[in-house]
Amino acid sequence: MIINIDGYDINYIDEGSGDAVLLLHGWGSNLKCFISLINLLKSKYRVLALDYPGFGESDELKKSFSVDDYCDIVVDFLVKLDIKKVTLIGHSYGGRIILKLNNRKLPFEINKNVLIDSAGLKDKKDFKVKIKIATYKTLKKAFCLLPISKEKKDETIKNLKKRFGSSDYSSGSSIMQETLVKSVNEDLSGCLENMKETLIFWGDNDTVTPMWMAKKMESEISNSGLVTLKGGHFSFLDDQSKFLLAIKSYFGI
């Protein structure tokens, strides 16, 4: 289904009936990653999921977005569907949105949250990463001093970003690259203390959002619990049987 929000055609699903549950996907993903979870939850709940602008089958971004911009899309989406109370489930970037939403005054009530390998905390950069960043900054500064045209400098810097940036960064358009930079540079640790009840899932081998982040979230979100899964950043797919079993218990299905 398609719904227009703030000038963007948004692809979404709306299945089942009962209390509302909204699924928020991670960066570079889309709502299809939640198919098994949707099929489980819709037997008892009204399950909603959307592709953010710039992802899946929704419109491309017309300008770079911040996490708050994506939050605005989610809020408008729920308001248009007349949702008064909702449980939020978010993977990775979806977790960023959930952290922000729990700290907003909203036109609806958040019942509880489920975070899966959530982003939102700034990573403790190891030595190799620090060297990589320092190398990029040094080369960028050097090229900016060269007596070459602005077009050539811009092209060179763009290539440097692709070489030294993450795969998520280098594979995106310039607008999506700007959007990603806005997001990863924002530390949302200050949002943890205001979170509603939260169940946290984390892959024991997640190298994108390491386990220390899960433990920090569990310790600082007052009403929370942590379930460790076998796998990496997509632990809900890597250890799907255990994940769905825990969800089934938590949601009383």
# chains A, B, ... in the order shown; residues from 1 in each chain; ligands from 1
$ residues_around --residues "Glu178 of chain A" --least-positions-apart "5" --cutoff "9 Å" --atoms "only C-alpha atoms" --output "list in words"
Lys63, Ser64, Phe65, Ser66, Tyr169, Ser173 and Ser183 of chain A
$ residues_around --residues "segment 26-30 of chain A" --least-positions-apart "3" --cutoff "7 Å" --atoms "only C-alpha atoms" --output "PyMOL selection string"
chain A and resi 33+51+55-56+91-94
$ atom_distance --atom1 "atom CA of Lys182 of chain A" --atom2 "atom CA of Val114 of chain A"
23.8 Å
$ residues_around --residues "segment 193-208 of chain A" --least-positions-apart "6" --cutoff "8 Å" --atoms "only C-alpha atoms" --output "PyMOL selection string"
chain A and resi 99+102-103+110-117+214+218+220-236+243
$ write_last_selection --atoms "C-alpha atoms" --output "PDB file, in the first residue's frame"
ATOM      1  CA  LEU A  99      15.026   6.363  21.117  1.00  0.00           C
ATOM      2  CA  ASN A 102      10.394   8.017  23.455  1.00  0.00           C
ATOM      3  CA  ASN A 103      11.756  11.475  24.254  1.00  0.00           C
ATOM      4  CA  ILE A 110       3.965   4.447  23.247  1.00  0.00           C
ATOM      5  CA  ASN A 111       3.073   1.228  25.046  1.00  0.00           C
ATOM      6  CA  LYS A 112       6.501  -0.442  25.060  1.00  0.00           C
ATOM      7  CA  ASN A 113       9.571  -0.931  22.872  1.00  0.00           C
ATOM      8  CA  VAL A 114      11.621  -3.714  21.348  1.00  0.00           C
ATOM      9  CA  LEU A 115      15.157  -2.802  20.255  1.00  0.00           C
ATOM     10  CA  ILE A 116      17.133  -5.163  18.007  1.00  0.00           C
ATOM     11  CA  ASP A 117      20.874  -4.493  17.584  1.00  0.00           C
ATOM     12  CA  ALA A 214      23.357  -3.466  24.566  1.00  0.00           C
ATOM     13  CA  GLU A 218      19.986  -2.405  29.590  1.00  0.00           C
ATOM     14  CA  GLU A 220      20.241   2.800  31.766  1.00  0.00           C
ATOM     15  CA  ILE A 221      16.707   1.915  30.645  1.00  0.00           C
ATOM     16  CA  SER A 222      14.953   1.360  33.960  1.00  0.00           C
ATOM     17  CA  ASN A 223      12.395  -1.247  32.878  1.00  0.00           C
ATOM     18  CA  SER A 224      14.331  -3.362  30.409  1.00  0.00           C
ATOM     19  CA  GLY A 225      15.701  -6.816  29.735  1.00  0.00           C
ATOM     20  CA  LEU A 226      18.365  -8.170  27.386  1.00  0.00           C
ATOM     21  CA  VAL A 227      18.107 -11.319  25.270  1.00  0.00           C
ATOM     22  CA  THR A 228      21.353 -12.405  23.610  1.00  0.00           C
ATOM     23  CA  LEU A 229      21.027 -14.124  20.234  1.00  0.00           C
ATOM     24  CA  LYS A 230      23.553 -16.076  18.211  1.00  0.00           C
ATOM     25  CA  GLY A 231      24.658 -13.974  15.273  1.00  0.00           C
ATOM     26  CA  GLY A 232      25.710 -10.595  14.019  1.00  0.00           C
ATOM     27  CA  HIS A 233      23.983  -7.294  13.332  1.00  0.00           C
ATOM     28  CA  PHE A 234      20.899  -9.046  11.889  1.00  0.00           C
ATOM     29  CA  SER A 235      20.583 -11.329  14.902  1.00  0.00           C
ATOM     30  CA  PHE A 236      16.798 -11.553  14.557  1.00  0.00           C
ATOM     31  CA  PHE A 243      14.001 -14.566  18.457  1.00  0.00           C
TER      32      PHE A 243
END
$ select_by_dssp --residues "segment 24-106 of chain A" --states "strand (DSSP E)" --output "PDB file with N, CA and C atoms, in the first residue's frame"
ATOM      1  N   LEU A  24      10.107  -0.927  12.537  1.00  0.00           N
ATOM      2  CA  LEU A  24      10.992   0.064  11.912  1.00  0.00           C
ATOM      3  C   LEU A  24      12.304  -0.595  11.526  1.00  0.00           C
ATOM      4  N   ARG A  46      -2.519  -5.636  15.226  1.00  0.00           N
ATOM      5  CA  ARG A  46      -2.501  -4.877  13.980  1.00  0.00           C
ATOM      6  C   ARG A  46      -1.044  -4.490  13.735  1.00  0.00           C
ATOM      7  N   VAL A  47      -0.453  -5.040  12.695  1.00  0.00           N
ATOM      8  CA  VAL A  47       0.971  -4.867  12.435  1.00  0.00           C
ATOM      9  C   VAL A  47       1.181  -3.872  11.299  1.00  0.00           C
ATOM     10  N   LEU A  48       1.969  -2.847  11.598  1.00  0.00           N
ATOM     11  CA  LEU A  48       2.297  -1.808  10.624  1.00  0.00           C
ATOM     12  C   LEU A  48       3.794  -1.812  10.374  1.00  0.00           C
ATOM     13  N   ALA A  49       4.179  -1.571   9.142  1.00  0.00           N
ATOM     14  CA  ALA A  49       5.596  -1.415   8.798  1.00  0.00           C
ATOM     15  C   ALA A  49       5.682  -0.529   7.566  1.00  0.00           C
ATOM     16  N   LEU A  50       6.723   0.277   7.495  1.00  0.00           N
ATOM     17  CA  LEU A  50       6.886   1.175   6.357  1.00  0.00           C
ATOM     18  C   LEU A  50       8.328   1.188   5.880  1.00  0.00           C
ATOM     19  N   LYS A  85      -2.339   4.340  20.346  1.00  0.00           N
ATOM     20  CA  LYS A  85      -1.380   3.664  21.215  1.00  0.00           C
ATOM     21  C   LYS A  85      -0.632   2.627  20.393  1.00  0.00           C
ATOM     22  N   VAL A  86       0.688   2.546  20.579  1.00  0.00           N
ATOM     23  CA  VAL A  86       1.475   1.672  19.714  1.00  0.00           C
ATOM     24  C   VAL A  86       2.680   1.091  20.459  1.00  0.00           C
ATOM     25  N   THR A  87       3.021  -0.133  20.100  1.00  0.00           N
ATOM     26  CA  THR A  87       4.273  -0.745  20.537  1.00  0.00           C
ATOM     27  C   THR A  87       5.259  -0.626  19.382  1.00  0.00           C
ATOM     28  N   LEU A  88       6.482  -0.214  19.677  1.00  0.00           N
ATOM     29  CA  LEU A  88       7.494   0.014  18.638  1.00  0.00           C
ATOM     30  C   LEU A  88       8.552  -1.090  18.648  1.00  0.00           C
ATOM     31  N   ILE A  89       8.849  -1.621  17.475  1.00  0.00           N
ATOM     32  CA  ILE A  89       9.924  -2.603  17.309  1.00  0.00           C
ATOM     33  C   ILE A  89      10.879  -2.053  16.261  1.00  0.00           C
ATOM     34  N   GLY A  90      12.152  -1.899  16.606  1.00  0.00           N
ATOM     35  CA  GLY A  90      13.100  -1.312  15.659  1.00  0.00           C
ATOM     36  C   GLY A  90      14.416  -2.044  15.604  1.00  0.00           C
ATOM     37  N   HIS A  91      14.907  -2.259  14.396  1.00  0.00           N
ATOM     38  CA  HIS A  91      16.227  -2.845  14.187  1.00  0.00           C
ATOM     39  C   HIS A  91      17.204  -1.766  13.760  1.00  0.00           C
TER      40      HIS A  91
END
$ select_by_dssp --residues "segment 204-248 of chain A" --states "alpha helix (DSSP H)" --output "short mmCIF file (atom, residue, chain, number, x, y, z; two decimals) with C-alpha atoms, in the first residue's frame"
data_model
loop_
_atom_site.label_atom_id
_atom_site.label_comp_id
_atom_site.auth_asym_id
_atom_site.auth_seq_id
_atom_site.Cartn_x
_atom_site.Cartn_y
_atom_site.Cartn_z
CA MET A 211 27.62 -5.74 22.78
CA TRP A 212 28.75 -2.92 25.10
CA MET A 213 25.94 -0.84 23.60
CA ALA A 214 23.36 -3.47 24.57
CA LYS A 215 24.67 -3.59 28.12
CA LYS A 216 24.62 0.20 28.41
CA MET A 217 21.04 0.31 27.17
CA GLU A 218 19.99 -2.41 29.59
CA SER A 219 21.66 -0.66 32.53
CA GLU A 220 20.24 2.80 31.77
CA SER A 235 20.58 -11.33 14.90
CA PHE A 236 16.80 -11.55 14.56
CA LEU A 237 17.40 -13.35 11.25
CA ASP A 238 20.59 -15.19 12.24
CA GLN A 240 15.35 -16.47 14.08
CA SER A 241 13.85 -19.42 15.96
CA LYS A 242 14.98 -18.12 19.37
CA PHE A 243 14.00 -14.57 18.46
CA LEU A 244 10.48 -15.50 17.38
CA LEU A 245 10.03 -17.75 20.42
CA ALA A 246 10.95 -14.84 22.73
CA ILE A 247 8.65 -12.46 20.83
CA LYS A 248 5.82 -14.98 21.04
#
$ closest_residue --among "A:Leu106, A:Cys71, A:Ser36, A:Thr179" --to "Gly54 of chain A" --atoms "only C-alpha atoms"
A:Thr179
$ residues_around --residues "segment 5-13 of chain A" --least-positions-apart "2" --cutoff "7 Å" --atoms "only C-alpha atoms" --output "PyMOL selection string"
chain A and resi 1-3+15+48-53+57-59+73+76-77
$ atom_distance --atom1 "atom CA of Ser174 of chain A" --atom2 "atom CA of Asp123 of chain A"
23.3 Å
$ residues_around --residues "Lys44 of chain A" --least-positions-apart "3" --cutoff "10 Å" --atoms "only C-alpha atoms" --output "PyMOL selection string"
chain A and resi 16-20+40-41+47+251-253
$ write_last_selection --atoms "N, CA and C atoms" --output "PDB file, in the first residue's frame"
ATOM      1  N   GLY A  16      -3.571  -7.585   9.979  1.00  0.00           N
ATOM      2  CA  GLY A  16      -4.056  -8.058  11.266  1.00  0.00           C
ATOM      3  C   GLY A  16      -4.959  -7.038  11.936  1.00  0.00           C
ATOM      4  N   SER A  17      -5.352  -7.355  13.164  1.00  0.00           N
ATOM      5  CA  SER A  17      -6.205  -6.447  13.935  1.00  0.00           C
ATOM      6  C   SER A  17      -5.868  -6.585  15.412  1.00  0.00           C
ATOM      7  N   GLY A  18      -6.251  -5.567  16.169  1.00  0.00           N
ATOM      8  CA  GLY A  18      -5.933  -5.545  17.590  1.00  0.00           C
ATOM      9  C   GLY A  18      -5.074  -4.347  17.925  1.00  0.00           C
ATOM     10  N   ASP A  19      -4.336  -4.417  19.025  1.00  0.00           N
ATOM     11  CA  ASP A  19      -3.429  -3.337  19.411  1.00  0.00           C
ATOM     12  C   ASP A  19      -2.350  -3.164  18.342  1.00  0.00           C
ATOM     13  N   ALA A  20      -1.937  -1.917  18.117  1.00  0.00           N
ATOM     14  CA  ALA A  20      -1.001  -1.616  17.031  1.00  0.00           C
ATOM     15  C   ALA A  20       0.448  -1.889  17.419  1.00  0.00           C
ATOM     16  N   LEU A  40       3.940 -13.654  12.381  1.00  0.00           N
ATOM     17  CA  LEU A  40       3.701 -14.092  13.758  1.00  0.00           C
ATOM     18  C   LEU A  40       2.772 -13.125  14.491  1.00  0.00           C
ATOM     19  N   LEU A  41       3.086 -11.833  14.417  1.00  0.00           N
ATOM     20  CA  LEU A  41       2.355 -10.842  15.204  1.00  0.00           C
ATOM     21  C   LEU A  41       0.931 -10.607  14.718  1.00  0.00           C
ATOM     22  N   VAL A  47      -0.453  -5.040  12.695  1.00  0.00           N
ATOM     23  CA  VAL A  47       0.971  -4.867  12.435  1.00  0.00           C
ATOM     24  C   VAL A  47       1.181  -3.872  11.299  1.00  0.00           C
ATOM     25  N   PHE A 251       4.823 -11.104  23.716  1.00  0.00           N
ATOM     26  CA  PHE A 251       3.572 -10.535  23.210  1.00  0.00           C
ATOM     27  C   PHE A 251       2.356 -11.413  23.511  1.00  0.00           C
ATOM     28  N   GLY A 252       2.568 -12.498  24.223  1.00  0.00           N
ATOM     29  CA  GLY A 252       1.460 -13.353  24.631  1.00  0.00           C
ATOM     30  C   GLY A 252       0.706 -13.996  23.491  1.00  0.00           C
ATOM     31  N   ILE A 253       1.453 -14.467  22.511  1.00  0.00           N
ATOM     32  CA  ILE A 253       0.828 -15.084  21.335  1.00  0.00           C
ATOM     33  C   ILE A 253       0.772 -16.602  21.501  1.00  0.00           C
TER      34      ILE A 253
END
$ atom_distance --atom1 "atom CA of Ser118 of chain A" --atom2 "atom CA of Lys105 of chain A"
21.8 Å
$ closest_residue --among "A:Ala119, A:Val74, A:Val21, A:Ile35" --to "Thr209 of chain A" --atoms "only C-alpha atoms"
A:Ala119
